[in-house]
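A.B. asks: Pasting in a structure now, in structure tokens, and then I'll have a few things to ask.
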Amino acid sequence: MEKTIQVIEKPEWVSWEDIKCCLIDAHEVNRGKGINMAHYQWPVEQIKSSIGDNGVVLVALDGRKVVGTATIMEKEGHSWFARGKYAYLGFAGVLPEYSGMGIYKQLTQRREEIAQKRGYTTIQFDTHSRNRKVQCIAIKNGYQKVSFFRAQSGDHFNVILVKWLKGNPYSSAFCRYRYIRSWIKANLINLIRK
């Protein structure tokens with residue numbers, strides 16, 4: 001029997017604890033590969049605060065069970081690839097037993113629709129540098145790697161991916177150059193600190 005999954009904005013009856021538990025369970029496979037993301041260990045209040053009042057929390061529901069979640073938040077950028085207000089995609093995951101059903105894609109499409117309706121021209125997110133699956137999905141959907149940096153936790157590197165909703169103002173070669181440059185810089189700094 002095929003499951004019917006509904007992707008909607010978080011209703012009141014879905015608790016923040018449900019969201020956090022979904023994120024923790026969704027990233028179990030990654031943790032098994034040594035891909036740890038610190039913010040899933042944050043207290044619920046810190047997650048809510050990080051999303052802010054302008055943020056939107058989406059949930060994928062199988063009946064009343066939260067099987068996936070994703071957020072979109074407003075952030076302010078001061079880098080070459082994001083100046084001014086932009087849409088930031090965060091806190092995303094789908095339970096392993098629901099993987100391969102297109103739920104992550106649905107969540108991402110809904111976030112992009114929200115970003116367009118709100119007038120953002122840039123969408124960005126970052127992920128663990130070893131999270132190749134998410135990077136490949138993003139690149140197939142028009143995102144480009146633009147920066148590489150050491151995560152605040154200091155135990156891994158992250159990749160920033162950006163999608164320009166009104167066309168990329170930079171050439172692919174320039175984006176690749178800036179990404180490689182940031183990769184070299186982050187690794188050199190890492191070597192110096194050792």
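Scheme for the structure tokens: letters A, B, ... for chains in order shown; per-chain residue numbers from 1; ligand numbers from 1 in order shown.
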Contacts between range 145-169 of chain A and range 46-124 of chain A, please, where a residue of range 46-124 of chain A counts if it comes within 8 Å (with only C-alpha atoms); show its shortest atom pair and distance in Å to one decimal, rows by chain and ascending number, as a Markdown table.

C.D. replies:
```
| residue | atom | partner | partner_atom | distance |
| --- | --- | --- | --- | --- |
| A:Phe81 | CA | A:Val146 | CA | 7.3 |
| A:Gln116 | CA | A:Leu165 | CA | 7.4 |
| A:Tyr120 | CA | A:Leu165 | CA | 7.7 |
| A:Thr121 | CA | A:Leu165 | CA | 5.0 |
| A:Thr122 | CA | A:Trp164 | CA | 4.7 |
| A:Ile123 | CA | A:Lys163 | CA | 5.2 |
| A:Gln124 | CA | A:Val162 | CA | 4.3 |
```

A.B. asks: Do you know which residues are at most 8 Å from Ile51 in chain A counting only C-alpha atoms, after dropping those on the same chain fewer than 5 positions away, and could you put them as a short mmCIF file (atom, residue, chain, number, x, y, z; two decimals) with all heavy atoms, in the first residue's frame?

C.D. replies:
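Saved as selection.cif:
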```
data_model
loop_
_atom_site.label_atom_id
_atom_site.label_comp_id
_atom_site.auth_asym_id
_atom_site.auth_seq_id
_atom_site.Cartn_x
_atom_site.Cartn_y
_atom_site.Cartn_z
N VAL A 56 9.57 29.80 8.74
CA VAL A 56 8.45 28.89 8.47
C VAL A 56 8.96 27.46 8.69
O VAL A 56 10.02 27.09 8.19
CB VAL A 56 7.93 29.04 7.02
CG1 VAL A 56 6.84 28.01 6.72
CG2 VAL A 56 7.43 30.45 6.78
N THR A 71 12.90 23.91 7.46
CA THR A 71 12.55 25.29 7.77
C THR A 71 13.14 26.24 6.71
O THR A 71 14.06 25.89 5.99
CB THR A 71 13.10 25.72 9.14
OG1 THR A 71 14.52 25.67 9.12
CG2 THR A 71 12.57 24.84 10.25
N ILE A 72 12.55 27.40 6.67
CA ILE A 72 13.09 28.50 5.88
C ILE A 72 13.10 29.71 6.79
O ILE A 72 12.14 29.98 7.50
CB ILE A 72 12.28 28.75 4.58
CG1 ILE A 72 12.89 29.91 3.79
CG2 ILE A 72 10.82 28.96 4.86
CD1 ILE A 72 12.30 30.08 2.39
N MET A 73 14.24 30.40 6.81
CA MET A 73 14.43 31.55 7.70
C MET A 73 14.97 32.72 6.91
O MET A 73 15.59 32.54 5.87
CB MET A 73 15.42 31.18 8.81
CG MET A 73 14.99 30.01 9.65
SD MET A 73 16.35 29.36 10.63
CE MET A 73 16.92 28.05 9.56
#
```

A.B. asks: Tell me which protein, DNA and RNA residues are within 12 Å of Pro96 in chain A, counting only C-alpha atoms, leaving out same-chain ones fewer than 2 positions away, and put them as a list in words.

C.D. replies: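 Near Pro96 in chain A, the qualifying residues are Cys22, Leu23, Ile24, Asp25, Ala26, His27, Glu28, Val29, Asn30, Val67, Gly68, Gly93, Val94, Tyr98, Ser99, Gly100, Met101, Ile103 and Tyr104 of chain A.
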
A.B. asks: Give me every strand (DSSP E) residue in chain A, going by DSSP on the backbone, as JSON, numbers by chain.

C.D. replies: {"A": [6, 7, 8, 9, 56, 57, 58, 59, 60, 61, 62, 65, 66, 67, 68, 69, 70, 71, 72, 73, 74, 75, 76, 77, 78, 79, 82, 83, 84, 85, 86, 87, 88, 89, 90, 91, 92, 93, 94, 122, 123, 124, 125, 126, 127, 128, 144, 145, 146, 147, 148, 149, 150, 157, 158, 159, 160, 161, 162, 163, 164]}

A.B. asks: Would you export the selected residues with C-alpha atoms as a short mmCIF file (atom, residue, chain, number, x, y, z; two decimals), in the first residue's frame, please?

C.D. replies:
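Everything below was put into selection-v5.cif:
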```cif
data_model
loop_
_atom_site.label_atom_id
_atom_site.label_comp_id
_atom_site.auth_asym_id
_atom_site.auth_seq_id
_atom_site.Cartn_x
_atom_site.Cartn_y
_atom_site.Cartn_z
CA GLN A 6 1.24 15.56 3.23
CA VAL A 7 3.71 18.49 3.32
CA ILE A 8 2.28 21.48 5.19
CA GLU A 9 3.26 24.32 7.51
CA VAL A 56 8.45 28.89 8.47
CA VAL A 57 8.51 25.30 9.69
CA LEU A 58 7.26 22.67 7.28
CA VAL A 59 6.38 19.12 8.23
CA ALA A 60 5.83 16.01 6.16
CA LEU A 61 3.07 13.96 7.74
CA ASP A 62 2.08 10.33 7.39
CA LYS A 65 3.27 11.11 12.37
CA VAL A 66 6.00 13.66 11.55
CA VAL A 67 8.21 11.88 9.00
CA GLY A 68 10.11 14.90 7.72
CA THR A 69 10.68 18.54 8.50
CA ALA A 70 12.42 21.58 7.05
CA THR A 71 12.55 25.29 7.77
CA ILE A 72 13.09 28.50 5.88
CA MET A 73 14.43 31.55 7.70
CA GLU A 74 15.34 35.10 6.83
CA LYS A 75 18.98 36.03 7.23
CA GLU A 76 21.15 39.01 6.37
CA GLY A 77 24.18 38.43 4.15
CA HIS A 78 27.43 40.34 3.76
CA SER A 79 29.34 37.99 1.45
CA ALA A 82 24.53 36.87 -0.54
CA ARG A 83 24.14 40.55 0.16
CA GLY A 84 21.14 41.82 2.05
CA LYS A 85 18.22 39.65 3.04
CA TYR A 86 18.11 36.09 1.76
CA ALA A 87 16.25 32.86 2.44
CA TYR A 88 18.15 30.33 4.52
CA LEU A 89 17.14 26.67 4.47
CA GLY A 90 17.76 24.84 7.71
CA PHE A 91 16.74 22.10 10.10
CA ALA A 92 15.83 19.56 7.43
CA GLY A 93 15.53 15.81 7.55
CA VAL A 94 13.41 12.83 6.60
CA THR A 122 18.83 34.19 -3.11
CA ILE A 123 18.40 30.92 -1.24
CA GLN A 124 21.27 29.43 0.69
CA PHE A 125 22.05 26.61 3.08
CA ASP A 126 25.07 24.84 4.41
CA THR A 127 25.72 21.19 5.10
CA HIS A 128 28.47 18.96 6.43
CA GLN A 144 26.03 25.90 -6.60
CA LYS A 145 28.80 25.38 -4.08
CA VAL A 146 30.15 28.81 -3.19
CA SER A 147 32.09 28.48 0.05
CA PHE A 148 33.81 25.99 2.35
CA PHE A 149 34.42 26.69 6.03
CA ARG A 150 35.10 25.15 9.43
CA PHE A 157 33.86 21.53 7.62
CA ASN A 158 30.67 22.76 5.96
CA VAL A 159 29.82 23.62 2.37
CA ILE A 160 27.59 26.59 1.51
CA LEU A 161 25.29 26.09 -1.47
CA VAL A 162 23.33 28.92 -3.11
CA LYS A 163 20.53 29.15 -5.64
CA TRP A 164 19.77 32.45 -7.34
#
```

A.B. asks: Take CA of Arg130 in chain A and CA of Ile184 in chain A and report the distance between them in Å, one decimal.

C.D. replies: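 That distance, rounded to one decimal, is 16.3 Å.
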
A.B. asks: When you count only C-alpha atoms, which of these residues is closest to Asn54 in chain A: A:Gln41, A:Pro11, A:Trp80, A:Arg118?

C.D. replies: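 Checking each candidate against Asn54 in chain A, we get A:Arg118 as the closest.
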
A.B. asks: Can you work out the spacing between CA of Val14 in chain A and CA of Asn131 in chain A in Å, to one decimal?

C.D. replies: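 If I compute the distance from CA of Val14 in chain A to CA of Asn131 in chain A, I get 27.9 Å.
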
A.B. asks: Considering only C-alpha atoms, state which residue in the set A:Ile114, A:Lys20, A:Ala186, A:Gln135 is at the smallest distance from Leu95 in chain A.

C.D. replies: A:Lys20

A.B. asks: Hey, can you check how far CA of Val134 in chain A sits from CA of Arg110 in chain A?

C.D. replies: 16.5 Å

A.B. asks: Please run DSSP on the backbone and report, as an MDAnalysis selection string, all residues within range 22-177 of chain A that come out as alpha helix (DSSP H).

C.D. replies: chainID A and resid 22:26 28:32 44:51 103:117 132:140 172:177
